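Engineer: Structure file upload-v9.tsv (TSV, C-alpha atoms and all ligand atoms) right here:
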chain	number	residue	atom	x	y	z
Q	1	MET	CA	43.56	-29.33	14.07
Q	2	ASP	CA	42.53	-26.26	12.09
Q	3	ASN	CA	41.92	-25.89	8.36
Q	4	LEU	CA	43.91	-29.00	7.53
Q	5	VAL	CA	43.85	-31.00	4.32
Q	6	LYS	CA	44.61	-34.73	4.36
Q	7	ILE	CA	45.30	-36.74	1.24
Q	8	CYS	CA	44.73	-40.39	2.05
Q	9	GLY	CA	45.84	-43.59	0.35
Q	10	LEU	CA	49.10	-42.43	-1.21
Q	11	SER	CA	51.14	-45.36	-2.46
Q	12	THR	CA	53.78	-44.10	-4.89
Q	13	PRO	CA	56.72	-41.69	-4.47
Q	14	GLU	CA	55.46	-39.61	-7.40
Q	15	THR	CA	51.96	-39.03	-6.09
Q	16	LEU	CA	53.26	-38.48	-2.57
Q	17	ASP	CA	55.54	-35.84	-4.02
Q	18	ALA	CA	52.53	-34.22	-5.70
Q	19	ALA	CA	50.70	-34.07	-2.35
Q	20	LEU	CA	53.76	-32.66	-0.57
Q	21	SER	CA	54.39	-30.06	-3.28
Q	22	ALA	CA	50.75	-28.98	-3.18
Q	23	GLY	CA	51.04	-28.48	0.59
Q	24	ALA	CA	49.06	-31.39	2.08
Q	25	ASP	CA	48.98	-31.06	5.87
Q	26	MET	CA	48.56	-34.80	6.35
Q	27	VAL	CA	49.18	-37.82	4.14
Q	28	GLY	CA	47.65	-41.23	4.79
Q	29	PHE	CA	49.25	-44.62	4.24
Q	30	VAL	CA	46.74	-47.47	4.18
Q	31	ARG	CA	47.66	-50.76	5.85
Q	32	ILE	CA	44.63	-52.78	4.78
Q	33	PRO	CA	45.57	-55.67	2.45
Q	34	LYS	CA	42.19	-55.69	0.67
Q	35	SER	CA	42.47	-52.01	-0.25
Q	36	PRO	CA	43.80	-50.95	-3.68
Q	37	ARG	CA	45.80	-48.38	-1.68
Q	38	HIS	CA	47.53	-50.84	0.64
Q	39	VAL	CA	51.24	-50.26	1.18
Q	40	SER	CA	53.67	-52.95	2.31
Q	41	LEU	CA	55.78	-52.21	5.36
Q	42	SER	CA	58.84	-51.59	3.21
Q	43	LEU	CA	57.01	-49.23	0.83
Q	44	GLY	CA	55.37	-47.49	3.81
Q	45	HIS	CA	58.81	-47.02	5.36
Q	46	LYS	CA	60.18	-45.51	2.15
Q	47	LEU	CA	57.20	-43.17	1.68
Q	48	SER	CA	57.31	-42.13	5.31
Q	49	LEU	CA	60.97	-41.11	5.00
Q	50	GLN	CA	60.10	-39.10	1.89
Q	51	ALA	CA	57.38	-37.22	3.82
Q	52	ARG	CA	59.31	-36.77	7.08
Q	53	GLY	CA	59.44	-33.16	8.25
Q	54	ARG	CA	57.18	-31.95	5.43
Q	55	THR	CA	53.75	-33.10	6.59
Q	56	GLN	CA	52.03	-35.25	9.20
Q	57	ARG	CA	52.17	-38.93	8.35
Q	58	VAL	CA	49.08	-40.96	9.16
Q	59	VAL	CA	48.91	-44.74	9.15
Q	60	LEU	CA	45.45	-46.20	8.67
Q	61	LEU	CA	44.40	-49.60	9.95
Q	62	LEU	CA	41.23	-51.62	10.49
Q	63	ASP	CA	40.70	-53.27	13.89
Q	64	PRO	CA	44.45	-53.87	14.17
Q	65	SER	CA	46.08	-56.26	16.62
Q	66	ASP	CA	48.90	-54.93	18.79
Q	67	GLU	CA	51.31	-56.86	16.58
Q	68	GLU	CA	50.00	-55.23	13.38
Q	69	LEU	CA	50.23	-51.83	15.04
Q	70	ALA	CA	53.74	-52.47	16.30
Q	71	GLN	CA	54.91	-53.43	12.80
Q	72	ALA	CA	53.26	-50.39	11.23
Q	73	VAL	CA	54.57	-47.99	13.86
Q	74	GLU	CA	58.10	-49.34	13.59
Q	75	ALA	CA	58.18	-49.21	9.78
Q	76	ILE	CA	56.25	-46.02	9.14
Q	77	ASN	CA	56.86	-44.03	12.36
Q	78	PRO	CA	53.52	-42.22	11.92
Q	79	ASP	CA	52.64	-38.91	13.54
Q	80	LEU	CA	49.08	-40.15	13.90
Q	81	ILE	CA	47.29	-43.52	13.91
Q	82	GLN	CA	43.91	-43.61	12.12
Q	83	LEU	CA	41.53	-46.38	13.18
Q	84	HIS	CA	38.87	-47.10	10.58
Q	85	GLY	CA	37.23	-50.25	11.95
Q	86	SER	CA	34.90	-50.97	14.85
Q	87	GLU	CA	37.43	-50.18	17.58
Q	88	THR	CA	35.72	-49.40	20.90
Q	89	PRO	CA	36.52	-46.25	22.92
Q	90	GLU	CA	38.42	-48.53	25.33
Q	91	ARG	CA	40.52	-49.95	22.50
Q	92	VAL	CA	41.25	-46.43	21.22
Q	93	ALA	CA	42.49	-45.47	24.70
Q	94	GLU	CA	44.58	-48.63	24.92
Q	95	ILE	CA	46.23	-47.98	21.52
Q	96	ARG	CA	47.05	-44.39	22.53
Q	97	SER	CA	48.61	-45.59	25.72
Q	98	ILE	CA	50.63	-48.47	24.23
Q	99	PHE	CA	51.90	-46.71	21.11
Q	100	LYS	CA	52.18	-43.18	22.49
Q	101	ARG	CA	50.85	-41.60	19.30
Q	102	PRO	CA	47.73	-39.50	18.81
Q	103	VAL	CA	44.79	-41.47	17.46
Q	104	MET	CA	42.12	-40.41	14.98
Q	105	LYS	CA	38.94	-42.51	15.14
Q	106	ALA	CA	36.78	-42.73	12.02
Q	107	LEU	CA	33.01	-42.88	12.50
Q	108	GLY	CA	30.50	-43.70	9.77
Q	109	ILE	CA	27.56	-41.32	9.42
Q	110	ALA	CA	24.32	-42.17	7.64
Q	111	GLU	CA	21.53	-40.95	9.93
Q	112	PRO	CA	21.04	-38.48	12.81
Q	113	SER	CA	21.47	-41.14	15.51
Q	114	ASP	CA	24.99	-41.89	14.26
Q	115	LEU	CA	26.10	-38.58	15.78
Q	116	GLN	CA	25.50	-40.09	19.23
Q	117	ALA	CA	28.59	-42.23	18.67
Q	118	LEU	CA	30.81	-39.16	18.94
Q	119	SER	CA	30.76	-38.47	22.67
Q	120	PRO	CA	32.01	-41.93	23.77
Q	121	TYR	CA	35.08	-41.24	21.64
Q	122	ALA	CA	35.89	-37.93	23.34
Q	123	GLY	CA	39.17	-39.53	24.44
Q	124	ALA	CA	40.39	-39.84	20.85
Q	125	ASP	CA	42.68	-37.04	19.69
Q	126	HIS	CA	40.70	-36.49	16.49
Q	127	ILE	CA	37.42	-37.67	14.98
Q	128	LEU	CA	36.96	-38.30	11.26
Q	129	LEU	CA	33.37	-38.36	10.03
Q	130	ASP	CA	33.06	-40.54	6.95
Q	131	ALA	CA	30.21	-42.03	4.92
Q	132	LYS	CA	29.16	-45.56	5.77
Q	133	PRO	CA	30.20	-48.03	3.07
Q	134	PRO	CA	27.72	-49.07	0.37
Q	135	ARG	CA	25.86	-52.31	1.16
Q	136	THR	CA	27.56	-54.19	-1.65
Q	137	ALA	CA	29.49	-57.40	-1.11
Q	138	GLY	CA	33.15	-56.80	-0.37
Q	139	ALA	CA	32.81	-53.03	0.13
Q	140	LEU	CA	35.57	-51.69	2.34
Q	141	PRO	CA	34.70	-49.35	5.23
Q	142	GLY	CA	36.34	-46.38	3.54
Q	143	GLY	CA	37.77	-45.02	0.33
Q	144	ASN	CA	34.48	-45.56	-1.50
Q	145	GLY	CA	33.92	-42.09	-2.91
Q	146	VAL	CA	30.46	-41.80	-1.38
Q	147	SER	CA	29.23	-38.81	0.63
Q	148	PHE	CA	26.77	-38.73	3.49
Q	149	ASP	CA	24.09	-36.08	3.85
Q	150	TRP	CA	26.08	-33.10	5.15
Q	151	GLN	CA	22.90	-31.55	6.55
Q	152	LEU	CA	23.04	-34.24	9.25
Q	153	LEU	CA	25.88	-32.27	10.82
Q	154	ASN	CA	23.50	-29.36	11.50
Q	155	GLY	CA	22.66	-31.32	14.65
Q	156	LEU	CA	26.26	-31.43	15.82
Q	157	ASP	CA	27.52	-29.46	18.81
Q	158	ARG	CA	29.68	-26.81	17.07
Q	159	LYS	CA	32.33	-27.14	19.77
Q	160	VAL	CA	33.10	-30.63	18.44
Q	161	SER	CA	36.17	-30.66	16.22
Q	162	PHE	CA	36.09	-33.08	13.28
Q	163	MET	CA	37.66	-33.97	9.96
Q	164	LEU	CA	35.12	-34.33	7.15
Q	165	SER	CA	35.49	-37.20	4.72
Q	166	GLY	CA	33.55	-39.31	2.25
Q	167	GLY	CA	33.02	-38.56	-1.41
Q	168	LEU	CA	34.89	-35.25	-1.38
Q	169	ASN	CA	36.54	-34.10	-4.60
Q	170	PRO	CA	37.93	-30.88	-6.12
Q	171	ASP	CA	34.44	-29.84	-7.29
Q	172	ASN	CA	32.48	-30.30	-4.06
Q	173	VAL	CA	34.99	-29.67	-1.26
Q	174	ALA	CA	34.28	-25.92	-1.13
Q	175	GLU	CA	30.55	-26.50	-0.71
Q	176	ALA	CA	31.24	-29.18	1.91
Q	177	ILE	CA	33.40	-26.78	3.93
Q	178	ARG	CA	30.86	-23.96	3.61
Q	179	LEU	CA	28.00	-26.16	4.82
Q	180	THR	CA	29.64	-28.25	7.53
Q	181	LYS	CA	32.47	-25.99	8.81
Q	182	PRO	CA	34.89	-28.82	9.57
Q	183	GLN	CA	38.32	-28.29	11.11
Q	184	ALA	CA	39.86	-30.49	8.39
Q	185	VAL	CA	38.99	-32.40	5.23
Q	186	ASP	CA	40.16	-35.75	3.92
Q	187	VAL	CA	40.01	-37.26	0.45
Q	188	SER	CA	41.05	-40.46	-1.24
Q	189	SER	CA	39.17	-41.65	-4.34
Q	190	GLY	CA	38.09	-38.11	-5.27
Q	191	VAL	CA	41.67	-37.37	-6.30
Q	192	GLU	CA	42.13	-40.60	-8.27
Q	193	SER	CA	41.86	-41.49	-11.95
Q	194	GLY	CA	41.06	-45.12	-11.06
Q	195	PRO	CA	40.99	-47.29	-7.90
Q	196	GLY	CA	44.19	-46.55	-6.01
Q	197	LEU	CA	45.64	-44.37	-8.79
Q	198	LYS	CA	46.19	-40.91	-7.41
Q	199	ASP	CA	46.11	-38.07	-9.94
Q	200	PRO	CA	48.59	-35.23	-9.22
Q	201	ALA	CA	46.43	-32.61	-10.97
Q	202	ARG	CA	43.37	-33.58	-8.92
Q	203	ILE	CA	45.42	-33.55	-5.69
Q	204	GLU	CA	46.60	-30.03	-6.46
Q	205	ALA	CA	43.08	-28.88	-7.42
Q	206	PHE	CA	41.59	-30.38	-4.24
Q	207	ILE	CA	44.09	-28.69	-1.95
Q	208	ARG	CA	43.67	-25.35	-3.72
Q	209	ALA	CA	39.87	-25.52	-3.50
Q	210	ALA	CA	39.94	-26.52	0.16
Q	211	ARG	CA	42.38	-23.73	1.09
Q	212	THR	CA	40.24	-21.10	-0.66
Q	213	ALA	CA	37.10	-22.37	1.07
Q	214	PHE	CA	38.72	-22.47	4.51
Q	215	ALA	CA	39.92	-18.89	4.01
Q	216	ALA	CA	36.42	-17.78	3.00
Q	217	ALA	CA	34.88	-19.57	6.00
Q	218	ARG	CA	37.06	-17.52	8.38
Q	219	HIS	CA	35.42	-14.25	7.23
X	301	LIG	O1	41.17	-45.81	1.36
X	301	LIG	C1	40.93	-47.03	1.51
X	301	LIG	O2	41.17	-47.88	0.64
X	301	LIG	C2	40.30	-47.49	2.79
X	301	LIG	C3	40.02	-48.85	2.94
X	301	LIG	C4	39.44	-49.30	4.10
X	301	LIG	C5	39.15	-48.43	5.13
X	301	LIG	C6	39.42	-47.08	4.99
X	301	LIG	C7	39.99	-46.60	3.82
X	301	LIG	N1	40.22	-45.25	3.65
X	301	LIG	C8	39.90	-44.32	4.69
X	301	LIG	C9	40.02	-42.89	4.42
X	301	LIG	O3	40.47	-42.14	5.27
X	301	LIG	C10	39.44	-42.32	3.16
X	301	LIG	O4	40.18	-41.18	2.84
X	301	LIG	C11	38.00	-41.95	3.45
X	301	LIG	O5	37.25	-43.11	3.66
X	301	LIG	C12	37.38	-41.18	2.26
X	301	LIG	O6	37.48	-41.90	1.10
X	301	LIG	P1	36.85	-41.29	-0.25
X	301	LIG	O7	35.38	-41.24	-0.10
X	301	LIG	O8	37.30	-42.23	-1.31
X	301	LIG	O9	37.46	-39.92	-0.42
Spell out the structure here as structure tokens.
Ligand SMILES: O=C(O)c1ccccc1NCC(=O)[C@H](O)[C@H](O)COP(=O)(O)O
Structural biologist:
Amino acid sequence: MDNLVKICGLSTPETLDAALSAGADMVGFVRIPKSPRHVSLSLGHKLSLQARGRTQRVVLLLDPSDEELAQAVEAINPDLIQLHGSETPERVAEIRSIFKRPVMKALGIAEPSDLQALSPYAGADHILLDAKPPRTAGALPGGNGVSFDWQLLNGLDRKVSFMLSGGLNPDNVAEAIRLTKPQAVDVSSGVESGPGLKDPARIEAFIRAARTAFAAARH
């Protein structure tokens, strides 16, 4: 995973097309019924076919059962499974072994001690560092458009590869990349005009800004 850009929570053919045309390396399909970005199995199937061969398709679930995973994997045929709940390292290993797909585990970061959660998940294929959700009733564990303090990552072993997420947008992604030097970045609400409504112009601007910043970080 190097210098990758993931656009998460795509749920229409038009906005998926915008992400593909702008060169997204990964696209995320959310299978969380409470999310404004949730896709049904049939819509997920259709979007996955549209993206096949053009990008990596990620399916995102929250503490899924084997049955939920089996349905999602059959319909969407993802290149990667993203787990955004409180899945244990053992459960991550089990899901990798049953479904034979790489797994990305999301971890919420709010304080220095949260970084200690990384090493138990060394068996995951990728780690996504996201902000913890706001403490408001009904807040979902992701897609909230809130950032964590990027300076917290100063304490991270630089050999650790991670995808940075949480509150990124076209205006701040360059600074985020400069400060945290992630291997990849992920965005959802920062490229929306309203909850779940992806904005093609913002998708394009985000990818352009991230690419420029990754190129600058290599020098
Ligand atoms: O996107 C959602 O609706 C969502 C709901 C529940 C759990 C996770 C969810 N999204 C996970 C992602 O990978 C988001 O891209 C990530 O949390 C960043 O979101 P944002 O801060 O809105 O860019």
Engineer: Give me, as number ranges by chain, all polymer residues having an atom no more than 12 Å from Gln183 of chain Q, counting all atoms listed in the file and skipping those fewer than 5 positions away in the same chain.
Structural biologist: Q: 1-6, 126-129, 158-165, 176-178, 210-211, 213-215, 217-218
Engineer: May I have the residues within 12 Å of Ala106 of chain Q as a PyMOL selection string, using only C-alpha atoms and disregarding those fewer than 3 positions away in the same chain?
Structural biologist: chain Q and resi 60-63+81-89+92+103+109+117-118+121+124-132+141-143+162-166+186
Engineer: With all atoms listed in the file as the basis for distance, which of Q:Gly138, Q:Gly108, Q:Gly9, Q:Gly44 is at the shortest distance from ligand LIG 301 (chain X)?
Structural biologist: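 The closest residue to ligand LIG 301 (chain X) is Q:Gly9.
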Engineer: I'd like to know which of Q:Lys46, Q:Arg135, Q:Arg208, Q:Lys198 is closest to ligand LIG 301 (chain X), using all atoms listed in the file.
Structural biologist: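 Of Q:Lys46, Q:Arg135, Q:Arg208, Q:Lys198, the one nearest ligand LIG 301 (chain X) is Q:Lys198, counting all atoms listed in the file.
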Engineer: For ligand LIG 301 (chain X), which residue among Q:Leu49, Q:Ala216, Q:Ala201, Q:Val39 is the nearest when counting only C-alpha atoms and all ligand atoms?
Structural biologist: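 Of Q:Leu49, Q:Ala216, Q:Ala201, Q:Val39, the one nearest ligand LIG 301 (chain X), counting only C-alpha atoms and all ligand atoms, is Q:Val39.
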Engineer: Enter the distance from atom CA of Asp79 of chain Q to atom CA of Phe206 of chain Q, in Å, rounded to one decimal.
Structural biologist: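 Taking atom CA of Asp79 of chain Q and atom CA of Phe206 of chain Q, their separation equals 22.6 Å.
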Engineer: Which protein, DNA or RNA residues have an atom at most 9 Å from (57.3, -47.8, 9.9), counting all atoms listed in the file? List them as a ChimeraX atom specification.
Structural biologist: /Q:41-42,44-46,48,59,70-78
Engineer: When distances are computed from only C-alpha atoms and all ligand atoms, which of Q:Glu94, Q:Val173, Q:Leu156, Q:Ala19 shows the smallest separation from ligand LIG 301 (chain X)?
Structural biologist: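 Closest to ligand LIG 301 (chain X) of all the choices is Q:Val173.
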